[in-house]
Amino acid sequence: MIYLKTMLKCIDNSGAQMVECIKVLRKNPKNFASIGDKIVCVVQKARPSTSTITGASASNRVKRGDIVRAVIVRTKKETQRPDGSVIRFDDNACVLLNKNDEPIATRISSVVAKELRDKNFNKIVSLAPKVV
Amino acid sequence: MLLQSFKALRATRSSLISTPIIQTAGYKTQYLGQKVVKVYQPLPKLREGTPLMKYVKENQYKKLDPNGVKKSLLDKSNPSLLRSGDIVRITYNNKQPPLVGMVIAVKRNGCDSNILLRNSYAKLGVEIRVPIFNPVIERVDILKRPTKYRSRNKLYYIRGTKLDVTDIESSLKKQQRRSN
């Protein structure tokens, strides 16, 4: 259940660590985002930029205060699957996206949910080390 | 006098039972004349008299669990039943990869019974509630039992404490290596 003011973990190497949701996209008038939904968020906490990083990953880095889009990959609220099983993670997490819904970053550090594959986020699923 | 009338009543009752079941109740009304009421034989009992819900449940078990393995896992009289604290592997008969986790709760609810599996991947806790009578599930194996069970049936309190589940799959691999 992600809505206005929810703080989420960012699990990619874009530089963001914590982001705050400011809008749930395509869920009007009042609703919450779950796994696979897109949000707009503000970067509240970012890793300090180091000069050693070069190339594509350096240009894609975000800073504190940036407004970016993201897709939710894990929720603490349980979600039901078509086979009747229910999955629940211990935290809320997201991956940052660009305007074409592709991930900004080149790496994903932890588990993502299987539902992303059905919502055409195949790149995130293939980057993730573990899909549950 | 009273005894006599009682005896007469009994006699009439026994004669009623012996006579054929279609009886005519004859009484006169002022305008319609004699009225005949037919009394029919009772219908045969449905499902040979078993209660409806029992019949439905038995049929569900027959359909979802023909060899009774899954039912015996929940049976409290069975010594090798599923308990919270056990480490379990669930194998599917479709392409889904097998699922490993520690049981932290068993919910008994007939064919809707489910177990709550907890695992952690890279220090992130993941919980999956699995309905075990799901026909997609091929088998439920108990990989490891704790040396001593905790004194609760629902282990929700272990979340985020030092009792919490560690990475089960890697620890199982380590054990295998040691045994080899």
# chains A, B, ... in the order shown; residues from 1 in each chain; ligands from 1
>>> interface_residues(of="chain A", to="chain B", cutoff="7 Å", atoms="only C-alpha atoms", output="list in words")
Gly84, Ser85, Val86, Ile87, Arg88, Phe89 and Asp90 of chain A
>>> write_last_selection(atoms="C-alpha atoms", output="compact mmCIF listing (two decimals), in the first residue's frame")
# COMPACT_ATOMS: atom_id res chain seq x y z
CA GLY A 84 -4.12 -18.79 -4.27
CA SER A 85 -0.78 -18.24 -2.57
CA VAL A 86 -0.06 -14.94 -0.87
CA ILE A 87 3.31 -13.20 -0.80
CA ARG A 88 4.57 -10.55 1.56
CA PHE A 89 8.00 -8.94 1.89
CA ASP A 90 9.51 -7.25 4.91
>>> select_by_dssp(residues="segment 56-120 of chain B", states="alpha helix (DSSP H)", output="list in words")
Val56, Lys57, Glu58, Asn59, Gln60, Tyr61, Lys62, Lys63, Leu64, Val69, Lys70, Lys71, Ser72, Leu73 and Leu74 of chain B
>>> residues_around(residues="Ile104 of chain B", least_positions_apart="6", cutoff="6 Å", atoms="only C-alpha atoms", output="list in words")
Ser84, Leu116, Lys154 and Leu155 of chain B
>>> select_by_dssp(residues="segment 31-167 of chain B", states="strand (DSSP E)", output="NGL selection string")
:B and (33-35 or 87-92 or 99-107 or 114-121 or 124-131 or 137-144)
>>> closest_residue(among="B:Lys70, B:Ser77, B:Leu163, B:Arg178", to="Glu138 of chain B", atoms="only C-alpha atoms")
B:Lys70
>>> residues_around(residues="Cys41 of chain A", least_positions_apart="5", cutoff="10 Å", atoms="only C-alpha atoms", output="list in words")
Leu4, Lys5, Thr6, Met7, Leu8, Met18, Val19, Glu20, Cys21, Ile22, Lys23, Val24, Gly65, Asp66, Ile67, Val68, Arg69, Ala70, Val71 and Leu96 of chain A
>>> residues_around(residues="segment 118-128 of chain A", least_positions_apart="6", cutoff="9 Å", atoms="only C-alpha atoms", output="VMD selection string")
chain A and resid 36 to 37 71 95 101 to 103 106 to 112
>>> write_last_selection(atoms="all heavy atoms", output="compact mmCIF listing (two decimals), in the first residue's frame")
# COMPACT_ATOMS: atom_id res chain seq x y z
N GLY A 36 4.32 -3.65 -9.18
CA GLY A 36 4.15 -3.45 -10.62
C GLY A 36 3.52 -2.12 -10.98
O GLY A 36 3.43 -1.79 -12.15
N ASP A 37 3.09 -1.33 -9.98
CA ASP A 37 2.50 -0.02 -10.27
C ASP A 37 3.58 1.04 -10.33
O ASP A 37 4.60 0.95 -9.65
CB ASP A 37 1.47 0.35 -9.20
CG ASP A 37 0.22 -0.48 -9.31
OD1 ASP A 37 0.00 -1.02 -10.41
OD2 ASP A 37 -0.49 -0.62 -8.32
N VAL A 71 9.05 2.15 -10.33
CA VAL A 71 8.09 1.04 -10.29
C VAL A 71 8.31 0.28 -8.99
O VAL A 71 9.44 0.12 -8.53
CB VAL A 71 8.23 0.12 -11.52
CG1 VAL A 71 9.59 -0.51 -11.62
CG2 VAL A 71 7.17 -0.97 -11.51
N VAL A 95 12.31 0.52 -8.05
CA VAL A 95 13.41 0.70 -9.00
C VAL A 95 13.08 1.93 -9.83
O VAL A 95 11.93 2.07 -10.30
CB VAL A 95 13.56 -0.56 -9.89
CG1 VAL A 95 14.50 -0.31 -11.03
CG2 VAL A 95 14.02 -1.74 -9.08
N ASP A 101 9.81 4.07 -19.35
CA ASP A 101 9.60 2.94 -18.45
C ASP A 101 10.73 1.92 -18.48
O ASP A 101 10.50 0.74 -18.24
CB ASP A 101 8.27 2.24 -18.73
CG ASP A 101 7.09 3.11 -18.35
OD1 ASP A 101 7.32 4.09 -17.63
OD2 ASP A 101 5.98 2.80 -18.77
N GLU A 102 11.93 2.36 -18.82
CA GLU A 102 13.08 1.46 -18.71
C GLU A 102 13.85 1.83 -17.45
O GLU A 102 13.88 3.01 -17.08
CB GLU A 102 14.02 1.64 -19.92
CG GLU A 102 13.40 1.18 -21.22
CD GLU A 102 13.97 1.90 -22.41
OE1 GLU A 102 14.77 2.86 -22.22
OE2 GLU A 102 13.61 1.51 -23.53
N PRO A 103 14.49 0.86 -16.79
CA PRO A 103 15.21 1.21 -15.57
C PRO A 103 16.40 2.14 -15.87
O PRO A 103 17.10 1.96 -16.87
CB PRO A 103 15.68 -0.14 -15.03
CG PRO A 103 15.53 -1.09 -16.14
CD PRO A 103 14.46 -0.58 -17.01
N THR A 106 21.84 0.19 -13.94
CA THR A 106 22.31 -0.99 -14.66
C THR A 106 22.34 -2.23 -13.77
O THR A 106 22.62 -3.31 -14.25
CB THR A 106 23.73 -0.75 -15.18
OG1 THR A 106 24.53 -0.28 -14.09
CG2 THR A 106 23.74 0.27 -16.29
N ARG A 107 22.10 -2.03 -12.49
CA ARG A 107 22.16 -3.17 -11.58
C ARG A 107 21.01 -3.12 -10.59
O ARG A 107 20.58 -2.03 -10.19
CB ARG A 107 23.47 -3.15 -10.80
CG ARG A 107 24.42 -4.21 -11.28
CD ARG A 107 25.71 -4.09 -10.57
NE ARG A 107 26.81 -4.04 -11.53
CZ ARG A 107 28.05 -3.76 -11.19
NH1 ARG A 107 28.33 -3.44 -9.94
NH2 ARG A 107 29.00 -3.77 -12.09
N ILE A 108 20.58 -4.31 -10.13
CA ILE A 108 19.56 -4.38 -9.08
C ILE A 108 20.12 -5.28 -8.00
O ILE A 108 20.68 -6.35 -8.30
CB ILE A 108 18.22 -4.89 -9.64
CG1 ILE A 108 17.61 -3.79 -10.51
CG2 ILE A 108 17.26 -5.27 -8.54
CD1 ILE A 108 16.41 -4.19 -11.26
N SER A 109 19.99 -4.83 -6.74
CA SER A 109 20.77 -5.49 -5.69
C SER A 109 20.04 -6.61 -4.97
O SER A 109 20.67 -7.44 -4.36
CB SER A 109 21.27 -4.46 -4.70
OG SER A 109 20.17 -3.79 -4.16
N SER A 110 18.71 -6.65 -4.97
CA SER A 110 18.07 -7.72 -4.19
C SER A 110 16.80 -8.22 -4.86
O SER A 110 16.54 -7.95 -6.01
CB SER A 110 17.82 -7.26 -2.75
OG SER A 110 16.98 -6.16 -2.76
N VAL A 111 16.04 -8.96 -4.05
CA VAL A 111 14.90 -9.73 -4.54
C VAL A 111 13.82 -8.84 -5.15
O VAL A 111 13.55 -7.75 -4.64
CB VAL A 111 14.30 -10.49 -3.35
CG1 VAL A 111 13.22 -11.42 -3.78
CG2 VAL A 111 15.36 -11.21 -2.59
N VAL A 112 13.19 -9.29 -6.24
CA VAL A 112 11.98 -8.62 -6.76
C VAL A 112 10.87 -9.66 -6.89
O VAL A 112 11.12 -10.86 -6.87
CB VAL A 112 12.23 -7.94 -8.12
CG1 VAL A 112 13.29 -6.88 -8.03
CG2 VAL A 112 12.54 -8.93 -9.20
>>> closest_atom_pairs(of="segment 94-166 of chain B", to="segment 38-58 of chain B", cutoff="12 Å", atoms="only C-alpha atoms", output="JSON lines")
{"residue": "B:Asn109", "atom": "CA", "partner": "B:Lys57", "partner_atom": "CA", "distance": 10.8}
{"residue": "B:Gly110", "atom": "CA", "partner": "B:Lys57", "partner_atom": "CA", "distance": 7.4}
{"residue": "B:Cys111", "atom": "CA", "partner": "B:Lys57", "partner_atom": "CA", "distance": 7.6}
{"residue": "B:Asp112", "atom": "CA", "partner": "B:Lys57", "partner_atom": "CA", "distance": 10.6}
>>> closest_residue(among="B:Ser179, B:Ser113, B:Gln60, B:Asn94", to="Leu73 of chain B", atoms="only C-alpha atoms")
B:Ser113
>>> decode(residues="segment 102-129 of chain A", atoms="N, CA and C atoms", output="CSV table (one decimal), in the first residue's frame")
chain,number,residue,atom,x,y,z
A,102,GLU,N,11.9,2.4,-18.8
A,102,GLU,CA,13.1,1.5,-18.7
A,102,GLU,C,13.8,1.8,-17.4
A,103,PRO,N,14.5,0.9,-16.8
A,103,PRO,CA,15.2,1.2,-15.6
A,103,PRO,C,16.4,2.1,-15.9
A,104,ILE,N,16.6,3.2,-15.0
A,104,ILE,CA,17.7,4.1,-15.1
A,104,ILE,C,19.0,3.4,-14.9
A,105,ALA,N,19.0,2.5,-13.9
A,105,ALA,CA,20.3,1.9,-13.4
A,105,ALA,C,20.6,0.7,-14.2
A,106,THR,N,21.8,0.2,-13.9
A,106,THR,CA,22.3,-1.0,-14.7
A,106,THR,C,22.3,-2.2,-13.8
A,107,ARG,N,22.1,-2.0,-12.5
A,107,ARG,CA,22.2,-3.2,-11.6
A,107,ARG,C,21.0,-3.1,-10.6
A,108,ILE,N,20.6,-4.3,-10.1
A,108,ILE,CA,19.6,-4.4,-9.1
A,108,ILE,C,20.1,-5.3,-8.0
A,109,SER,N,20.0,-4.8,-6.7
A,109,SER,CA,20.8,-5.5,-5.7
A,109,SER,C,20.0,-6.6,-5.0
A,110,SER,N,18.7,-6.6,-5.0
A,110,SER,CA,18.1,-7.7,-4.2
A,110,SER,C,16.8,-8.2,-4.9
A,111,VAL,N,16.0,-9.0,-4.1
A,111,VAL,CA,14.9,-9.7,-4.5
A,111,VAL,C,13.8,-8.8,-5.1
A,112,VAL,N,13.2,-9.3,-6.2
A,112,VAL,CA,12.0,-8.6,-6.8
A,112,VAL,C,10.9,-9.7,-6.9
A,113,ALA,N,9.6,-9.2,-7.0
A,113,ALA,CA,8.5,-10.1,-7.1
A,113,ALA,C,8.3,-10.5,-8.6
A,114,LYS,N,7.7,-11.7,-8.7
A,114,LYS,CA,7.4,-12.3,-10.0
A,114,LYS,C,6.4,-11.6,-10.8
A,115,GLU,N,5.5,-10.8,-10.1
A,115,GLU,CA,4.4,-10.1,-10.8
A,115,GLU,C,4.9,-9.1,-11.9
A,116,LEU,N,6.2,-8.7,-11.7
A,116,LEU,CA,6.7,-7.7,-12.7
A,116,LEU,C,6.8,-8.2,-14.1
A,117,ARG,N,7.0,-9.5,-14.2
A,117,ARG,CA,7.1,-10.1,-15.5
A,117,ARG,C,5.8,-10.0,-16.3
A,118,ASP,N,4.6,-10.1,-15.6
A,118,ASP,CA,3.3,-10.0,-16.2
A,118,ASP,C,3.1,-8.5,-16.6
A,119,LYS,N,3.7,-7.6,-16.0
A,119,LYS,CA,3.5,-6.2,-16.2
A,119,LYS,C,4.5,-5.6,-17.2
A,120,ASN,N,5.3,-6.5,-17.9
A,120,ASN,CA,6.2,-6.1,-18.9
A,120,ASN,C,7.4,-5.3,-18.4
A,121,PHE,N,7.9,-5.7,-17.2
A,121,PHE,CA,9.1,-5.1,-16.7
A,121,PHE,C,10.2,-6.2,-16.7
A,122,ASN,N,10.3,-6.8,-17.9
A,122,ASN,CA,11.2,-8.0,-18.1
A,122,ASN,C,12.6,-7.6,-17.8
A,123,LYS,N,13.0,-6.4,-18.1
A,123,LYS,CA,14.4,-6.0,-17.9
A,123,LYS,C,14.8,-6.1,-16.4
A,124,ILE,N,13.9,-5.6,-15.6
A,124,ILE,CA,14.1,-5.6,-14.2
A,124,ILE,C,14.2,-7.0,-13.6
A,125,VAL,N,13.3,-7.9,-14.2
A,125,VAL,CA,13.3,-9.3,-13.7
A,125,VAL,C,14.6,-10.0,-14.1
A,126,SER,N,15.1,-9.6,-15.3
A,126,SER,CA,16.4,-10.3,-15.7
A,126,SER,C,17.6,-9.8,-15.0
A,127,LEU,N,17.5,-8.5,-14.6
A,127,LEU,CA,18.7,-7.9,-13.8
A,127,LEU,C,18.7,-8.4,-12.4
A,128,ALA,N,17.6,-8.7,-11.8
A,128,ALA,CA,17.5,-9.0,-10.4
A,128,ALA,C,18.2,-10.4,-10.1
A,129,PRO,N,18.9,-10.4,-8.9
A,129,PRO,CA,19.6,-11.7,-8.6
A,129,PRO,C,18.6,-12.8,-8.2
